[in-house]
Amino acid sequence: MAKFYYFDDDSSKPMTDDHDSGIPVTESYLKSLGLFYRYAPSIDDVNELAIERNYKNRDNILLNDASFPGGKKSLDEKLEMFFKEHLHEDEEIRYIVEGEGFFDVRDKDNKWIRAKLFKNDLLILPAGIYHRFTLSNKRSIEAIRLFKDEPKWVALNRSQSETDNNKYRKEYLKSIS
Ligand code: KMT
Ligand code: NI
């Protein structure tokens with residue numbers, strides 16, 4: 001079961017630490033940010049959701065030092081990229097098959113909320129929300145990524161001049177106001 005809390009903003013510790021400030025975040029507040037969370041012990045739940053939302057494609061992503069092409073060094077480079085604050089012009093749907101990891105999302109006051117996800121957690125980030133991802137210190141996750149059409153994924157890194165004026169960003173802000 002996922003755990004949601006405010007990120008402690010202690011940059012002296014690695015991003016893969018828990019960074020739990022001890023301040024929990026309620027499910028209703030997550031909803032007000034447009035996030036959807038469900039504990040889904042059966043893959044049938046994921047399949048149903050994919051049909052409901054018309055997601056036709058999916059892939060499996062496996063992140064750990066042993067199996068990542070290029071090993072630990074390339075995985076570290078990949079993680080640096082995932083941890084850059086960004087948005088997408090579509091929903092980001094992730095289902096955790098094994099392992100654990102962190103999705104950080106910005107709240108209405110630009111503070112980081114950290115979602116620690118475990119096996120069978122299903123999380124949907126709305127289009128336009130600023131977020132980032134990293135592994136935990138266990139450094140291992142297997143997840144299913146759902147895609148509406150082709151498995152392509154464009155991350156727009158946050159920049160005031162561009163992403164703050166992005167159409168999907170503006171629509172997102174309107175949807176939560
Ligand atoms: C993303 O978009 O940041 C990711 O897909 C990270 C890996 S999913 C566990
Ligand atoms: Ni993303």
# chains A, B, ... in the order shown; residues from 1 in each chain; ligands from 1
$ select_by_dssp --residues "chain A" --states "alpha helix (DSSP H)" --output "JSON, numbers by chain"
{"A": [27, 28, 29, 30, 31, 32, 43, 44, 45, 46, 47, 48, 49, 50, 51, 52, 71, 72, 73, 74, 75, 76, 77, 78, 79, 80, 81, 82, 167, 168, 169, 170, 171, 172, 173, 174, 175, 176]}
$ write_last_selection --atoms "N, CA, C and O atoms" --output "short mmCIF file (atom, residue, chain, number, x, y, z; two decimals), in the first residue's frame"
data_model
loop_
_atom_site.label_atom_id
_atom_site.label_comp_id
_atom_site.auth_asym_id
_atom_site.auth_seq_id
_atom_site.Cartn_x
_atom_site.Cartn_y
_atom_site.Cartn_z
N GLU A 27 -6.08 11.37 1.31
CA GLU A 27 -6.53 10.95 -0.01
C GLU A 27 -7.40 12.03 -0.66
O GLU A 27 -7.35 12.22 -1.88
N SER A 28 -8.15 12.76 0.17
CA SER A 28 -9.02 13.77 -0.44
C SER A 28 -8.19 14.93 -0.99
O SER A 28 -8.54 15.52 -2.01
N TYR A 29 -7.09 15.24 -0.33
CA TYR A 29 -6.22 16.29 -0.89
C TYR A 29 -5.59 15.83 -2.20
O TYR A 29 -5.50 16.60 -3.16
N LEU A 30 -5.17 14.55 -2.24
CA LEU A 30 -4.61 14.01 -3.48
C LEU A 30 -5.62 14.12 -4.61
O LEU A 30 -5.29 14.49 -5.75
N LYS A 31 -6.88 13.79 -4.27
CA LYS A 31 -7.94 13.89 -5.28
C LYS A 31 -8.07 15.31 -5.79
O LYS A 31 -8.27 15.54 -6.99
N SER A 32 -7.96 16.27 -4.86
CA SER A 32 -8.12 17.67 -5.27
C SER A 32 -6.96 18.13 -6.17
O SER A 32 -7.05 19.15 -6.84
N ILE A 43 -4.14 -8.04 -11.55
CA ILE A 43 -3.86 -7.37 -12.83
C ILE A 43 -5.17 -7.09 -13.58
O ILE A 43 -5.24 -6.18 -14.41
N ASP A 44 -6.23 -7.85 -13.24
CA ASP A 44 -7.55 -7.60 -13.85
C ASP A 44 -8.01 -6.16 -13.62
O ASP A 44 -8.65 -5.55 -14.48
N ASP A 45 -7.69 -5.61 -12.43
CA ASP A 45 -8.07 -4.23 -12.13
C ASP A 45 -7.39 -3.27 -13.10
O ASP A 45 -8.00 -2.29 -13.55
N VAL A 46 -6.15 -3.57 -13.40
CA VAL A 46 -5.39 -2.72 -14.32
C VAL A 46 -5.97 -2.84 -15.73
O VAL A 46 -6.17 -1.84 -16.42
N ASN A 47 -6.28 -4.07 -16.12
CA ASN A 47 -6.84 -4.29 -17.44
C ASN A 47 -8.18 -3.58 -17.61
O ASN A 47 -8.45 -2.98 -18.65
N GLU A 48 -9.00 -3.62 -16.55
CA GLU A 48 -10.29 -2.93 -16.60
C GLU A 48 -10.12 -1.43 -16.79
O GLU A 48 -10.79 -0.81 -17.61
N LEU A 49 -9.20 -0.89 -16.01
CA LEU A 49 -8.95 0.54 -16.09
C LEU A 49 -8.44 0.95 -17.47
O LEU A 49 -8.82 1.98 -18.02
N ALA A 50 -7.60 0.08 -18.04
CA ALA A 50 -7.06 0.36 -19.38
C ALA A 50 -8.18 0.39 -20.40
O ALA A 50 -8.20 1.25 -21.29
N ILE A 51 -9.16 -0.52 -20.26
CA ILE A 51 -10.29 -0.54 -21.19
C ILE A 51 -11.15 0.70 -21.00
O ILE A 51 -11.47 1.41 -21.96
N GLU A 52 -11.47 1.00 -19.72
CA GLU A 52 -12.29 2.19 -19.41
C GLU A 52 -11.71 3.46 -20.01
O GLU A 52 -12.42 4.30 -20.52
N GLY A 71 24.34 -1.28 -16.78
CA GLY A 71 24.60 -1.41 -15.35
C GLY A 71 24.34 -0.16 -14.53
O GLY A 71 23.61 0.73 -14.96
N LYS A 72 24.93 -0.11 -13.37
CA LYS A 72 24.63 0.92 -12.37
C LYS A 72 24.84 2.34 -12.90
O LYS A 72 24.03 3.22 -12.65
N LYS A 73 25.93 2.52 -13.66
CA LYS A 73 26.24 3.86 -14.14
C LYS A 73 25.14 4.39 -15.07
O LYS A 73 24.70 5.54 -14.94
N SER A 74 24.69 3.54 -16.00
CA SER A 74 23.61 4.01 -16.89
C SER A 74 22.30 4.18 -16.15
O SER A 74 21.52 5.07 -16.48
N LEU A 75 22.06 3.30 -15.17
CA LEU A 75 20.83 3.46 -14.40
C LEU A 75 20.87 4.79 -13.64
O LEU A 75 19.86 5.51 -13.59
N ASP A 76 22.02 5.14 -13.06
CA ASP A 76 22.14 6.42 -12.37
C ASP A 76 21.84 7.58 -13.30
O ASP A 76 21.17 8.55 -12.91
N GLU A 77 22.31 7.50 -14.54
CA GLU A 77 22.04 8.56 -15.51
C GLU A 77 20.55 8.65 -15.82
O GLU A 77 19.98 9.73 -15.91
N LYS A 78 19.93 7.49 -15.95
CA LYS A 78 18.48 7.44 -16.21
C LYS A 78 17.72 8.05 -15.03
O LYS A 78 16.76 8.81 -15.22
N LEU A 79 18.16 7.72 -13.83
CA LEU A 79 17.48 8.24 -12.64
C LEU A 79 17.61 9.76 -12.54
O LEU A 79 16.67 10.44 -12.13
N GLU A 80 18.78 10.28 -12.91
CA GLU A 80 18.96 11.74 -12.93
C GLU A 80 17.89 12.39 -13.82
O GLU A 80 17.32 13.42 -13.50
N MET A 81 17.63 11.73 -14.95
CA MET A 81 16.65 12.25 -15.90
C MET A 81 15.23 12.18 -15.32
O MET A 81 14.48 13.14 -15.37
N PHE A 82 14.90 11.01 -14.75
CA PHE A 82 13.56 10.84 -14.17
C PHE A 82 13.32 11.82 -13.02
O PHE A 82 12.19 12.16 -12.72
N LYS A 167 -0.25 24.64 -22.70
CA LYS A 167 -1.71 24.53 -22.72
C LYS A 167 -2.22 23.51 -21.70
O LYS A 167 -3.20 23.74 -21.01
N TYR A 168 -1.53 22.37 -21.62
CA TYR A 168 -1.97 21.31 -20.71
C TYR A 168 -1.72 21.69 -19.25
O TYR A 168 -2.48 21.32 -18.36
N ARG A 169 -0.66 22.45 -19.03
CA ARG A 169 -0.37 22.98 -17.69
C ARG A 169 -1.49 23.92 -17.26
O ARG A 169 -2.01 23.85 -16.16
N LYS A 170 -1.88 24.80 -18.16
CA LYS A 170 -2.93 25.78 -17.85
C LYS A 170 -4.27 25.09 -17.60
O LYS A 170 -5.01 25.45 -16.68
N GLU A 171 -4.55 24.10 -18.43
CA GLU A 171 -5.80 23.35 -18.24
C GLU A 171 -5.79 22.62 -16.91
O GLU A 171 -6.80 22.55 -16.21
N TYR A 172 -4.62 22.07 -16.56
CA TYR A 172 -4.51 21.37 -15.28
C TYR A 172 -4.79 22.34 -14.13
O TYR A 172 -5.59 22.04 -13.24
N LEU A 173 -4.16 23.51 -14.16
CA LEU A 173 -4.35 24.48 -13.08
C LEU A 173 -5.81 24.89 -12.97
O LEU A 173 -6.34 25.04 -11.87
N LYS A 174 -6.46 25.04 -14.11
CA LYS A 174 -7.88 25.40 -14.09
C LYS A 174 -8.69 24.27 -13.44
O LYS A 174 -9.58 24.50 -12.63
N SER A 175 -8.32 23.03 -13.76
CA SER A 175 -9.09 21.88 -13.27
C SER A 175 -8.98 21.72 -11.76
O SER A 175 -9.86 21.12 -11.14
N ILE A 176 -7.92 22.22 -11.14
CA ILE A 176 -7.78 22.05 -9.69
C ILE A 176 -8.14 23.32 -8.91
O ILE A 176 -8.05 23.35 -7.69
#
$ residues_around --residues "A:Thr134" --least-positions-apart "5" --cutoff "8 Å" --atoms "only C-alpha atoms" --output "NGL selection string"
:A and (15-16 or 79 or 82-83 or 101-103)
$ closest_residue --among "A:Phe147, A:Tyr5, A:Tyr55, A:Phe133" --to "ligand 2" --atoms "only C-alpha atoms and all ligand atoms"
A:Phe133
$ residues_around --residues "stretch 107-122 of chain A" --least-positions-apart "3" --cutoff "10 Å" --atoms "only C-alpha atoms" --output "ChimeraX atom specification"
/A:1-9,18-21,23-25,29-30,32-33,36-43,45-46,93-104,129-136,141-144,173,176-177
$ closest_residue --among "A:Ser12, A:Ser159, A:Pro126, A:Leu63" --to "ligand 1" --atoms "only C-alpha atoms and all ligand atoms"
A:Leu63
$ residues_near_ligand --ligand "ligand 2" --cutoff "7 Å" --atoms "only C-alpha atoms and all ligand atoms" --output "list in words"
His86, Leu87, His88, Glu92, His131, Arg132 and Ala155 of chain A
$ write_last_selection --atoms "C-alpha atoms" --output "compact mmCIF listing (two decimals), in the first residue's frame"
# COMPACT_ATOMS: atom_id res chain seq x y z
CA HIS A 86 8.75 17.74 -15.61
CA LEU A 87 5.23 17.44 -16.97
CA HIS A 88 3.51 15.47 -19.70
CA GLU A 92 1.00 9.09 -16.53
CA HIS A 131 6.44 15.65 -10.94
CA ARG A 132 9.57 13.49 -10.81
CA ALA A 155 8.85 14.71 -20.76
